[in-house]
$ cat my_file.csv   # CSV, C-alpha atoms
chain,number,residue,atom,x,y,z
A,65,MET,CA,-54.9,-4.1,11.3
A,66,GLU,CA,-56.8,-0.9,12.1
A,67,LYS,CA,-53.6,0.6,13.5
A,68,ARG,CA,-51.8,-0.4,10.3
A,69,GLU,CA,-54.6,1.3,8.4
A,70,ILE,CA,-55.7,-1.9,6.6
A,71,GLU,CA,-59.3,-1.3,5.7
A,72,VAL,CA,-60.4,-4.6,4.2
A,73,ILE,CA,-59.1,-8.1,4.7
A,74,SER,CA,-60.0,-11.3,2.8
A,75,SER,CA,-60.8,-14.6,4.5
A,76,GLN,CA,-57.6,-15.9,2.9
A,77,ALA,CA,-55.5,-13.3,4.6
A,78,LEU,CA,-57.3,-13.9,7.9
A,79,GLY,CA,-56.7,-17.6,7.5
A,80,GLU,CA,-53.0,-17.1,6.9
A,81,ARG,CA,-52.7,-14.9,10.0
A,82,THR,CA,-54.6,-17.3,12.3
A,83,GLY,CA,-53.6,-20.6,10.8
A,84,ILE,CA,-57.2,-21.5,10.1
A,85,PRO,CA,-58.3,-22.5,6.6
A,86,SER,CA,-60.1,-19.6,4.9
A,87,ALA,CA,-63.2,-21.7,4.3
A,88,GLN,CA,-63.4,-22.3,8.0
A,89,VAL,CA,-62.9,-18.6,8.7
A,90,ARG,CA,-65.9,-17.8,6.4
A,91,LYS,CA,-68.1,-20.5,7.9
A,92,ASP,CA,-67.3,-19.6,11.5
A,93,LEU,CA,-67.9,-15.9,11.0
A,94,SER,CA,-71.1,-16.5,8.9
A,95,TYR,CA,-72.5,-18.4,11.9
A,96,TYR,CA,-72.8,-15.0,13.6
A,97,GLY,CA,-74.2,-13.1,10.7
A,98,GLU,CA,-73.4,-11.9,7.2
A,99,PHE,CA,-70.8,-9.2,7.7
A,100,GLY,CA,-68.4,-10.1,4.9
A,101,ARG,CA,-68.8,-9.3,1.3
A,102,ARG,CA,-68.4,-12.1,-1.3
A,103,GLY,CA,-65.2,-11.6,-3.4
A,104,VAL,CA,-64.1,-8.6,-1.3
A,105,GLY,CA,-63.6,-9.7,2.3
A,106,TYR,CA,-64.3,-8.1,5.6
A,107,GLU,CA,-64.2,-4.4,6.4
A,108,VAL,CA,-61.7,-4.3,9.3
A,109,SER,CA,-63.6,-1.8,11.5
A,110,ILE,CA,-66.9,-3.7,11.0
A,111,LEU,CA,-65.2,-7.0,11.6
A,112,ARG,CA,-63.7,-5.7,14.8
A,113,ARG,CA,-67.0,-4.4,16.1
A,114,HIS,CA,-68.6,-7.7,15.3
A,115,LEU,CA,-65.9,-9.7,17.0
A,116,GLN,CA,-66.2,-7.5,20.1
A,117,LYS,CA,-69.9,-8.2,20.1
A,118,ILE,CA,-69.5,-11.9,19.6
A,119,LEU,CA,-67.0,-12.2,22.4
A,120,GLY,CA,-69.2,-10.1,24.7
A,121,LEU,CA,-66.7,-7.3,25.0
A,122,GLU,CA,-69.1,-4.4,24.5
A,123,ARG,CA,-70.2,-5.1,28.1
A,124,ASP,CA,-68.1,-4.1,31.1
A,125,TRP,CA,-66.5,-7.1,32.8
A,126,PRO,CA,-65.2,-5.9,36.1
A,127,MET,CA,-62.9,-8.5,37.6
A,128,VAL,CA,-61.6,-9.4,41.0
A,129,ILE,CA,-58.4,-11.4,41.8
A,130,VAL,CA,-58.0,-13.5,44.9
A,131,GLY,CA,-54.3,-14.0,45.7
A,132,ALA,CA,-51.7,-11.3,45.6
A,133,GLY,CA,-48.7,-13.5,45.1
A,134,ASN,CA,-46.5,-13.2,42.1
A,135,LEU,CA,-49.1,-14.6,39.7
A,136,GLY,CA,-51.9,-12.4,41.1
A,137,ARG,CA,-49.7,-9.4,40.9
A,138,ALA,CA,-48.6,-10.2,37.4
A,139,LEU,CA,-52.3,-10.5,36.4
A,140,VAL,CA,-53.2,-7.2,37.9
A,141,ASN,CA,-50.6,-5.5,35.8
A,142,TYR,CA,-51.2,-7.5,32.7
A,143,GLN,CA,-51.3,-5.1,29.8
A,144,GLY,CA,-53.2,-7.5,27.5
A,145,PHE,CA,-56.3,-7.1,29.7
A,146,LEU,CA,-56.4,-3.3,29.4
A,147,ARG,CA,-56.1,-3.5,25.6
A,148,HIS,CA,-59.4,-5.3,25.6
A,149,GLY,CA,-61.0,-2.8,28.0
A,150,LEU,CA,-60.9,-5.3,30.9
A,151,GLU,CA,-60.1,-4.0,34.3
A,152,VAL,CA,-59.2,-5.6,37.6
A,153,ARG,CA,-61.2,-3.7,40.2
A,154,ALA,CA,-60.2,-5.4,43.4
A,155,VAL,CA,-57.5,-7.8,44.6
A,156,PHE,CA,-57.6,-9.8,47.9
A,157,ASP,CA,-55.1,-11.6,49.9
A,158,SER,CA,-55.2,-13.2,53.4
A,159,ASP,CA,-51.7,-12.4,54.4
A,160,PRO,CA,-51.7,-9.4,56.8
A,161,ARG,CA,-48.2,-8.4,55.5
A,162,VAL,CA,-49.7,-8.0,52.0
A,163,ILE,CA,-53.0,-6.4,52.8
A,164,GLY,CA,-52.7,-2.6,52.4
A,165,THR,CA,-49.8,-2.8,50.0
A,166,TYR,CA,-50.4,-1.5,46.5
A,167,ILE,CA,-50.1,-3.2,43.1
A,168,HIS,CA,-49.9,-0.4,40.6
A,169,ASN,CA,-52.7,1.8,42.0
A,170,LEU,CA,-54.8,-1.0,43.4
A,171,ARG,CA,-54.8,-1.6,47.2
A,172,VAL,CA,-54.7,-5.2,48.3
A,173,GLU,CA,-57.7,-5.8,50.5
A,174,GLY,CA,-58.5,-8.4,53.2
A,175,PRO,CA,-60.7,-11.4,52.5
A,176,GLU,CA,-63.3,-10.3,55.1
A,177,ILE,CA,-64.7,-7.7,52.7
A,178,MET,CA,-64.5,-9.8,49.6
A,179,GLU,CA,-68.3,-10.3,49.3
A,180,GLN,CA,-69.1,-6.7,49.9
A,181,ARG,CA,-66.5,-5.4,47.4
A,182,ILE,CA,-67.7,-7.9,44.7
A,183,GLN,CA,-71.2,-6.6,45.1
A,184,GLU,CA,-70.1,-2.9,45.0
A,185,GLU,CA,-68.1,-3.5,41.8
A,186,GLU,CA,-70.9,-5.6,40.3
A,187,ALA,CA,-68.1,-8.1,39.3
A,188,HIS,CA,-69.1,-11.3,37.6
A,189,LEU,CA,-65.6,-12.5,36.9
A,190,GLY,CA,-63.2,-13.8,39.5
A,191,ILE,CA,-59.6,-14.9,39.1
A,192,ILE,CA,-58.2,-17.5,41.5
A,193,ALA,CA,-54.5,-17.2,42.1
A,194,VAL,CA,-54.2,-18.8,45.5
A,195,PRO,CA,-52.4,-22.0,46.5
A,196,ALA,CA,-54.3,-25.2,45.7
A,197,GLU,CA,-55.4,-25.9,49.2
A,198,ALA,CA,-57.3,-22.6,49.5
A,199,ALA,CA,-58.8,-22.6,46.0
A,200,GLN,CA,-62.1,-24.5,46.6
A,201,GLU,CA,-63.1,-22.3,49.6
A,202,VAL,CA,-62.3,-19.2,47.6
A,203,ALA,CA,-64.4,-20.4,44.7
A,204,GLU,CA,-67.3,-21.0,47.0
A,205,ARG,CA,-67.1,-17.6,48.5
A,206,LEU,CA,-66.8,-15.9,45.1
A,207,ILE,CA,-69.9,-17.8,43.8
A,208,THR,CA,-71.9,-16.9,46.9
A,209,ALA,CA,-70.9,-13.3,46.4
A,210,GLY,CA,-72.2,-13.2,42.8
A,211,ILE,CA,-69.3,-14.3,40.7
A,212,ARG,CA,-70.5,-16.2,37.6
A,213,GLY,CA,-67.2,-17.0,35.8
A,214,ILE,CA,-64.1,-18.3,37.4
A,215,TRP,CA,-60.6,-18.3,35.9
A,216,ASN,CA,-58.7,-20.8,38.0
A,217,PHE,CA,-54.9,-20.6,37.9
A,218,SER,CA,-54.5,-23.0,40.8
A,219,PRO,CA,-53.9,-26.7,40.1
A,220,GLU,CA,-56.9,-27.6,42.2
A,221,HIS,CA,-59.7,-29.3,40.4
A,222,LEU,CA,-62.6,-27.1,41.5
A,223,ARG,CA,-66.2,-28.2,42.1
A,224,VAL,CA,-68.6,-25.5,41.0
A,225,PRO,CA,-72.4,-25.4,40.3
A,226,GLN,CA,-73.3,-26.1,36.7
A,227,GLU,CA,-74.4,-22.5,36.0
A,228,VAL,CA,-70.9,-21.2,36.8
A,229,ILE,CA,-68.5,-21.0,34.0
A,230,LEU,CA,-65.1,-22.4,35.0
A,231,ARG,CA,-61.9,-22.1,33.1
A,232,ASN,CA,-58.8,-23.8,34.3
A,233,GLU,CA,-55.5,-22.3,33.2
A,234,ASP,CA,-52.6,-24.7,33.2
A,235,LEU,CA,-49.5,-22.9,31.9
A,236,SER,CA,-47.7,-26.2,31.5
A,237,VAL,CA,-49.9,-26.9,28.5
A,238,GLY,CA,-48.2,-24.2,26.5
A,239,LEU,CA,-44.8,-25.3,27.6
A,240,MET,CA,-45.6,-28.9,26.5
A,241,ALA,CA,-46.6,-27.8,23.1
A,242,LEU,CA,-43.3,-25.8,22.7
A,243,ILE,CA,-41.3,-28.8,23.9
A,244,TYR,CA,-43.1,-31.1,21.5
A,245,HIS,CA,-42.1,-29.0,18.5
A,246,LEU,CA,-38.6,-28.3,19.8
A,247,ASN,CA,-38.0,-32.0,20.4
A,248,TYR,CA,-38.9,-32.8,16.8
A,249,SER,CA,-36.9,-29.9,15.5
A,250,ILE,CA,-33.8,-31.1,17.4
A,251,ASP,CA,-34.4,-34.7,16.2
A,252,ARG,CA,-34.6,-33.5,12.6
A,253,GLY,CA,-31.3,-31.8,13.3
A,254,ASP,CA,-32.4,-28.3,12.3
B,110,MET,CA,-55.2,-41.8,36.7
B,111,GLU,CA,-52.1,-43.7,38.0
B,112,LYS,CA,-52.5,-42.0,41.3
B,113,ARG,CA,-56.1,-43.1,41.4
B,114,GLU,CA,-55.0,-46.6,40.6
B,115,ILE,CA,-56.9,-46.7,37.3
B,116,GLU,CA,-55.0,-49.4,35.3
B,117,VAL,CA,-56.9,-49.3,32.0
B,118,ILE,CA,-58.8,-46.6,30.2
B,119,SER,CA,-60.9,-46.7,27.1
B,120,SER,CA,-60.8,-44.2,24.3
B,121,GLN,CA,-64.4,-43.3,25.3
B,122,ALA,CA,-63.3,-42.4,28.8
B,123,LEU,CA,-60.3,-40.5,27.5
B,124,GLY,CA,-62.6,-38.6,25.1
B,125,GLU,CA,-65.0,-37.7,27.9
B,126,ARG,CA,-62.2,-36.3,30.1
B,127,THR,CA,-60.6,-34.3,27.3
B,128,GLY,CA,-63.6,-33.2,25.3
B,129,ILE,CA,-62.3,-34.9,22.2
B,130,PRO,CA,-64.4,-37.5,20.3
B,131,SER,CA,-63.2,-41.0,21.1
B,132,ALA,CA,-62.6,-41.8,17.4
B,133,GLN,CA,-60.3,-38.8,17.2
B,134,VAL,CA,-58.5,-40.0,20.4
B,135,ARG,CA,-57.9,-43.4,18.8
B,136,LYS,CA,-56.8,-41.9,15.5
B,137,ASP,CA,-54.5,-39.3,17.0
B,138,LEU,CA,-52.8,-41.8,19.3
B,139,SER,CA,-52.5,-44.5,16.6
B,140,TYR,CA,-50.5,-42.0,14.6
B,141,TYR,CA,-47.7,-42.5,17.1
B,142,GLY,CA,-47.9,-46.3,17.2
B,143,GLU,CA,-50.2,-49.1,18.3
B,144,PHE,CA,-50.2,-49.0,22.0
B,145,GLY,CA,-53.9,-49.5,22.7
B,146,ARG,CA,-55.8,-52.8,22.6
B,147,ARG,CA,-59.0,-53.0,20.5
B,148,GLY,CA,-62.1,-53.5,22.7
B,149,VAL,CA,-60.0,-53.0,25.9
B,150,GLY,CA,-58.4,-49.6,25.8
B,151,TYR,CA,-55.1,-48.2,26.9
B,152,GLU,CA,-53.0,-49.4,29.9
B,153,VAL,CA,-52.5,-46.2,31.8
B,154,SER,CA,-48.8,-46.8,32.7
B,155,ILE,CA,-48.0,-47.6,29.1
B,156,LEU,CA,-50.1,-44.7,27.8
B,157,ARG,CA,-48.3,-42.4,30.2
B,158,ARG,CA,-44.9,-43.5,29.0
B,159,HIS,CA,-45.9,-43.1,25.4
B,160,LEU,CA,-47.3,-39.6,26.0
B,161,GLN,CA,-44.1,-38.6,27.7
B,162,LYS,CA,-42.1,-39.9,24.8
B,163,ILE,CA,-44.4,-38.2,22.2
B,164,LEU,CA,-44.1,-34.9,24.0
B,165,GLY,CA,-40.3,-35.2,24.3
B,166,LEU,CA,-40.4,-35.3,28.1
B,167,GLU,CA,-38.0,-38.2,28.5
B,168,ARG,CA,-35.3,-35.7,27.7
B,169,ASP,CA,-34.2,-33.0,30.2
B,170,TRP,CA,-35.2,-29.6,29.2
B,171,PRO,CA,-33.3,-27.1,31.4
B,172,MET,CA,-34.9,-23.7,31.1
B,173,VAL,CA,-33.9,-20.2,31.7
B,174,ILE,CA,-36.1,-17.2,32.4
B,175,VAL,CA,-35.3,-13.6,31.5
B,176,GLY,CA,-37.2,-11.1,33.6
B,177,ALA,CA,-37.6,-11.5,37.3
B,178,GLY,CA,-40.7,-9.3,37.6
B,179,ASN,CA,-44.0,-10.7,39.0
B,180,LEU,CA,-44.6,-13.0,36.0
B,181,GLY,CA,-41.0,-14.3,35.9
B,182,ARG,CA,-41.1,-15.0,39.6
B,183,ALA,CA,-44.5,-16.7,39.2
B,184,LEU,CA,-43.1,-18.9,36.5
B,185,VAL,CA,-40.0,-19.9,38.5
B,186,ASN,CA,-42.3,-21.1,41.3
B,187,TYR,CA,-44.8,-22.7,39.0
B,188,GLN,CA,-45.7,-26.1,40.4
B,189,GLY,CA,-47.0,-27.4,37.2
B,190,PHE,CA,-43.5,-27.4,35.6
B,191,LEU,CA,-42.0,-29.5,38.3
B,192,ARG,CA,-44.8,-32.1,38.0
B,193,HIS,CA,-43.6,-32.7,34.5
B,194,GLY,CA,-39.9,-32.8,35.5
B,195,LEU,CA,-39.2,-29.4,34.0
B,196,GLU,CA,-36.8,-27.2,35.9
B,197,VAL,CA,-35.9,-23.5,35.7
B,198,ARG,CA,-32.1,-23.5,36.1
B,199,ALA,CA,-31.4,-19.8,35.8
B,200,VAL,CA,-33.2,-16.5,36.0
B,201,PHE,CA,-31.9,-13.1,34.8
B,202,ASP,CA,-32.9,-9.5,35.3
B,203,SER,CA,-31.2,-6.2,34.4
B,204,ASP,CA,-32.4,-4.4,37.5
B,205,PRO,CA,-29.4,-4.1,40.0
B,206,ARG,CA,-31.9,-4.0,42.9
B,207,VAL,CA,-33.2,-7.5,41.8
B,208,ILE,CA,-29.9,-9.1,40.9
B,209,GLY,CA,-28.7,-11.2,43.9
B,210,THR,CA,-32.1,-11.7,45.4
B,211,TYR,CA,-33.6,-15.1,45.6
B,212,ILE,CA,-36.7,-16.7,44.1
B,213,HIS,CA,-37.3,-19.9,46.0
B,214,ASN,CA,-33.7,-21.1,46.0
B,215,LEU,CA,-32.7,-19.6,42.7
B,216,ARG,CA,-30.5,-16.5,42.7
B,217,VAL,CA,-31.4,-13.8,40.2
B,218,GLU,CA,-28.3,-13.2,38.0
B,219,GLY,CA,-27.3,-10.2,35.9
B,220,PRO,CA,-27.7,-10.1,32.1
B,221,GLU,CA,-23.9,-10.0,31.4
B,222,ILE,CA,-23.5,-13.7,32.3
B,223,MET,CA,-26.6,-14.9,30.4
B,224,GLU,CA,-24.7,-16.5,27.5
B,225,GLN,CA,-22.2,-18.2,29.8
B,226,ARG,CA,-24.9,-19.6,32.1
B,227,ILE,CA,-27.1,-20.9,29.2
B,228,GLN,CA,-24.1,-22.8,27.9
B,229,GLU,CA,-23.2,-24.2,31.3
B,230,GLU,CA,-26.8,-25.4,31.9
B,231,GLU,CA,-27.0,-26.6,28.3
B,232,ALA,CA,-30.4,-24.9,28.1
B,233,HIS,CA,-32.4,-25.0,24.9
B,234,LEU,CA,-35.5,-23.4,26.3
B,235,GLY,CA,-35.8,-19.7,27.2
B,236,ILE,CA,-38.8,-17.9,28.7
B,237,ILE,CA,-39.1,-14.2,28.0
B,238,ALA,CA,-40.9,-12.3,30.7
B,239,VAL,CA,-39.5,-8.8,30.1
B,240,PRO,CA,-41.3,-5.6,29.0
B,241,ALA,CA,-42.2,-5.5,25.3
B,242,GLU,CA,-39.5,-2.9,24.4
B,243,ALA,CA,-36.7,-5.3,25.7
B,244,ALA,CA,-38.0,-8.5,24.3
B,245,GLN,CA,-36.5,-8.5,20.8
B,246,GLU,CA,-33.0,-7.9,22.1
B,247,VAL,CA,-33.4,-10.6,24.7
B,248,ALA,CA,-34.6,-13.0,22.1
B,249,GLU,CA,-31.6,-12.4,19.9
B,250,ARG,CA,-29.1,-12.9,22.8
B,251,LEU,CA,-30.9,-16.1,23.8
B,252,ILE,CA,-30.7,-17.5,20.3
B,253,THR,CA,-27.0,-16.5,20.0
B,254,ALA,CA,-26.3,-18.3,23.2
B,255,GLY,CA,-27.9,-21.5,22.0
B,256,ILE,CA,-31.6,-21.3,22.9
B,257,ARG,CA,-33.7,-23.2,20.4
B,258,GLY,CA,-37.2,-22.7,21.8
B,259,ILE,CA,-38.6,-19.4,23.1
B,260,TRP,CA,-41.7,-19.0,25.1
B,261,ASN,CA,-42.6,-15.4,24.8
B,262,PHE,CA,-44.9,-13.8,27.5
B,263,SER,CA,-44.2,-10.3,26.3
B,264,PRO,CA,-46.8,-8.7,23.9
B,265,GLU,CA,-43.9,-8.0,21.4
B,266,HIS,CA,-44.2,-9.7,18.1
B,267,LEU,CA,-40.7,-11.3,17.9
B,268,ARG,CA,-38.7,-11.9,14.8
B,269,VAL,CA,-36.7,-15.1,15.1
B,270,PRO,CA,-34.8,-17.3,12.6
B,271,GLN,CA,-37.0,-20.1,11.1
B,272,GLU,CA,-35.2,-22.9,12.9
B,273,VAL,CA,-36.2,-21.4,16.3
B,274,ILE,CA,-39.4,-22.6,17.8
B,275,LEU,CA,-41.4,-19.6,19.1
B,276,ARG,CA,-44.5,-19.7,21.2
B,277,ASN,CA,-46.3,-16.6,22.1
B,278,GLU,CA,-48.4,-16.7,25.3
B,279,ASP,CA,-51.2,-14.2,25.4
B,280,LEU,CA,-53.1,-14.7,28.7
B,281,SER,CA,-56.0,-12.6,27.3
B,282,VAL,CA,-57.0,-15.4,25.0
B,283,GLY,CA,-58.1,-17.6,27.9
B,284,LEU,CA,-60.0,-14.7,29.5
B,285,MET,CA,-61.7,-13.9,26.2
B,286,ALA,CA,-62.9,-17.6,26.0
B,287,LEU,CA,-64.3,-17.3,29.5
B,288,ILE,CA,-66.1,-14.1,28.8
B,289,TYR,CA,-67.6,-15.5,25.6
B,290,HIS,CA,-69.2,-18.3,27.5
B,291,LEU,CA,-70.1,-16.2,30.5
B,292,ASN,CA,-71.8,-13.6,28.2
B,293,TYR,CA,-74.0,-16.3,26.6
B,294,SER,CA,-74.8,-17.8,29.9
B,295,ILE,CA,-76.0,-14.4,31.3
B,296,ASP,CA,-78.0,-13.7,28.1
B,297,ARG,CA,-79.7,-17.1,28.5
B,298,GLY,CA,-80.6,-16.0,32.0
B,299,ASP,CA,-78.9,-19.0,33.7
$ encode --input "my_file.csv" --output "structure tokens"
Amino acid sequence: MEKREIEVISSQALGERTGIPSAQVRKDLSYYGEFGRRGVGYEVSILRRHLQKILGLERDWPMVIVGAGNLGRALVNYQGFLRHGLEVRAVFDSDPRVIGTYIHNLRVEGPEIMEQRIQEEEAHLGIIAVPAEAAQEVAERLITAGIRGIWNFSPEHLRVPQEVILRNEDLSVGLMALIYHLNYSIDRGD
Amino acid sequence: MEKREIEVISSQALGERTGIPSAQVRKDLSYYGEFGRRGVGYEVSILRRHLQKILGLERDWPMVIVGAGNLGRALVNYQGFLRHGLEVRAVFDSDPRVIGTYIHNLRVEGPEIMEQRIQEEEAHLGIIAVPAEAAQEVAERLITAGIRGIWNFSPEHLRVPQEVILRNEDLSVGLMALIYHLNYSIDRGD
């Protein structure tokens, strides 16, 4: 909206764009403070700053990725991360044929220096993009090295200490949702 | 649960596993029919069959992927799809150096035969994994060829006819959620 030079947006318009009822938009945002104006709406630049703060994006979140297969490589290059100021600082793989190769301008490093590099980069965020059978060991090494949040793309059900934030990403979920709607659309004969 | 030989599950247990209140679990499932038993729960094998039917998974959903970059390649190999019986039948790329190479046992094909191959495979589902600037044109060709549901991994905001089901996948959203929780966890000093 800033790019399109929209200066103020109402909770109704926010609701329409997000598919969330406008009353819920107001309620949810007011939980974090009073930064809208009754009968006017939200100043876009102020709302943006607040959302960044709410999400924790005013901090730096250096990330490391373990696994330089197709998914790991795709995540290193993922444009959406950079847009939010999020940067992958190191990528590791155990395959000697992959170590030393470059993804964009990031050199793939060996697993033996993982702990050292995580500490150097002061990374708290680790992305696991290794096969299921390697994921638990990788998670444990990441946590020992100081990683506090894990984004797990492997299908492995990881066991992590309670203080570690774990998010499992199952891409099938998005596909299921799409198929559900598509199936009904075809049945209706659209 | 079937694998673990659990035969019956209560809505409470389903609620705990999914993070959804058990009353909501019962309400949501009952919307599709009465396949639970009051005071007992759901027979796992029956529930599974119903869920597959609800999601539309008893049908075949042959898929095609456009874009054989890292993300496209990762999606071709994505184990989670096969687990649900979903199969990528064709993958296309415009890069002559990529056409003819193999991802697993799928040969990357050129864009000129996209329409023909979609019709041969009777594919209704198309995955867009091309750069933003190519995405709209790809979407239009897919739709003309008979694709009814598009899973868009590009950051491009696609314009599609109303009868086409479009799902945009932004991986940053998952990362934002993780950072939000991590940020609060660090502030609390966990």
$ interface_residues --input "my_file.csv" --of "chain B" --to "chain A" --cutoff "8 Å" --atoms "all atoms listed in the file" --output "PDB file with C-alpha atoms, keeping the file's coordinate frame"
ATOM      1  CA  ILE B 163     -44.400 -38.200  22.200  1.00  0.00           C
ATOM      2  CA  LEU B 164     -44.100 -34.900  24.000  1.00  0.00           C
ATOM      3  CA  GLY B 165     -40.300 -35.200  24.300  1.00  0.00           C
ATOM      4  CA  LEU B 166     -40.400 -35.300  28.100  1.00  0.00           C
ATOM      5  CA  GLY B 178     -40.700  -9.300  37.600  1.00  0.00           C
ATOM      6  CA  ASN B 179     -44.000 -10.700  39.000  1.00  0.00           C
ATOM      7  CA  LEU B 180     -44.600 -13.000  36.000  1.00  0.00           C
ATOM      8  CA  ARG B 182     -41.100 -15.000  39.600  1.00  0.00           C
ATOM      9  CA  ALA B 183     -44.500 -16.700  39.200  1.00  0.00           C
ATOM     10  CA  GLY B 189     -47.000 -27.400  37.200  1.00  0.00           C
ATOM     11  CA  PHE B 190     -43.500 -27.400  35.600  1.00  0.00           C
ATOM     12  CA  ARG B 257     -33.700 -23.200  20.400  1.00  0.00           C
ATOM     13  CA  GLY B 258     -37.200 -22.700  21.800  1.00  0.00           C
ATOM     14  CA  ILE B 259     -38.600 -19.400  23.100  1.00  0.00           C
ATOM     15  CA  TRP B 260     -41.700 -19.000  25.100  1.00  0.00           C
ATOM     16  CA  PRO B 264     -46.800  -8.700  23.900  1.00  0.00           C
ATOM     17  CA  GLU B 272     -35.200 -22.900  12.900  1.00  0.00           C
ATOM     18  CA  ILE B 274     -39.400 -22.600  17.800  1.00  0.00           C
ATOM     19  CA  LEU B 275     -41.400 -19.600  19.100  1.00  0.00           C
ATOM     20  CA  ARG B 276     -44.500 -19.700  21.200  1.00  0.00           C
ATOM     21  CA  GLU B 278     -48.400 -16.700  25.300  1.00  0.00           C
ATOM     22  CA  ASP B 279     -51.200 -14.200  25.400  1.00  0.00           C
ATOM     23  CA  LEU B 280     -53.100 -14.700  28.700  1.00  0.00           C
ATOM     24  CA  SER B 281     -56.000 -12.600  27.300  1.00  0.00           C
ATOM     25  CA  GLY B 283     -58.100 -17.600  27.900  1.00  0.00           C
ATOM     26  CA  LEU B 284     -60.000 -14.700  29.500  1.00  0.00           C
ATOM     27  CA  MET B 285     -61.700 -13.900  26.200  1.00  0.00           C
ATOM     28  CA  ALA B 286     -62.900 -17.600  26.000  1.00  0.00           C
ATOM     29  CA  LEU B 287     -64.300 -17.300  29.500  1.00  0.00           C
ATOM     30  CA  ILE B 288     -66.100 -14.100  28.800  1.00  0.00           C
ATOM     31  CA  TYR B 289     -67.600 -15.500  25.600  1.00  0.00           C
ATOM     32  CA  HIS B 290     -69.200 -18.300  27.500  1.00  0.00           C
ATOM     33  CA  LEU B 291     -70.100 -16.200  30.500  1.00  0.00           C
ATOM     34  CA  ASN B 292     -71.800 -13.600  28.200  1.00  0.00           C
ATOM     35  CA  SER B 294     -74.800 -17.800  29.900  1.00  0.00           C
ATOM     36  CA  ASP B 299     -78.900 -19.000  33.700  1.00  0.00           C
TER      37      ASP B 299
END
$ residues_around --input "my_file.csv" --residues "Arg268 in chain B" --least-positions-apart "2" --cutoff "9 Å" --atoms "all atoms listed in the file" --output "list of chain:residue names"
B:Gln245, B:Ala248, B:Glu249, B:His266, B:Pro270
$ atom_distance --input "my_file.csv" --atom1 "CA of Ala154 in chain A" --atom2 "CA of Glu201 in chain A"
18.2 Å
$ atom_distance --input "my_file.csv" --atom1 "CA of Arg135 in chain B" --atom2 "CA of Ile84 in chain A"
23.6 Å
$ closest_residue --input "my_file.csv" --among "B:Asn261, B:Ser119, B:Thr127, B:Thr253" --to "Gln225 in chain B" --atoms "only C-alpha atoms"
B:Thr253
$ residues_around --input "my_file.csv" --residues "Glu114 in chain B" --least-positions-apart "4" --cutoff "12 Å" --atoms "all atoms listed in the file" --output "list in words"
Met110, Ile118, Glu152, Val153 and Ser154 of chain B
$ atom_distance --input "my_file.csv" --atom1 "CA of Leu115 in chain A" --atom2 "CA of Gly210 in chain A"
26.8 Å
$ closest_residue --input "my_file.csv" --among "A:Ala193, A:Arg68, A:Ala209, A:Arg153" --to "Glu176 in chain A" --atoms "only C-alpha atoms"
A:Ala209
$ closest_residue --input "my_file.csv" --among "B:Val239, B:Gln228, B:Glu167, B:Gly142" --to "Ile256 in chain B" --atoms "all atoms listed in the file"
B:Gln228
$ closest_residue --input "my_file.csv" --among "B:Val175, B:Leu123, B:Leu267, B:Ala232" --to "Asp204 in chain B" --atoms "all atoms listed in the file"
B:Val175
$ residues_around --input "my_file.csv" --residues "Arg206 in chain B" --least-positions-apart "2" --cutoff "12 Å" --atoms "only C-alpha atoms" --output "PyMOL selection string"
chain B and resi 177-178+202-204+208-211+217-219
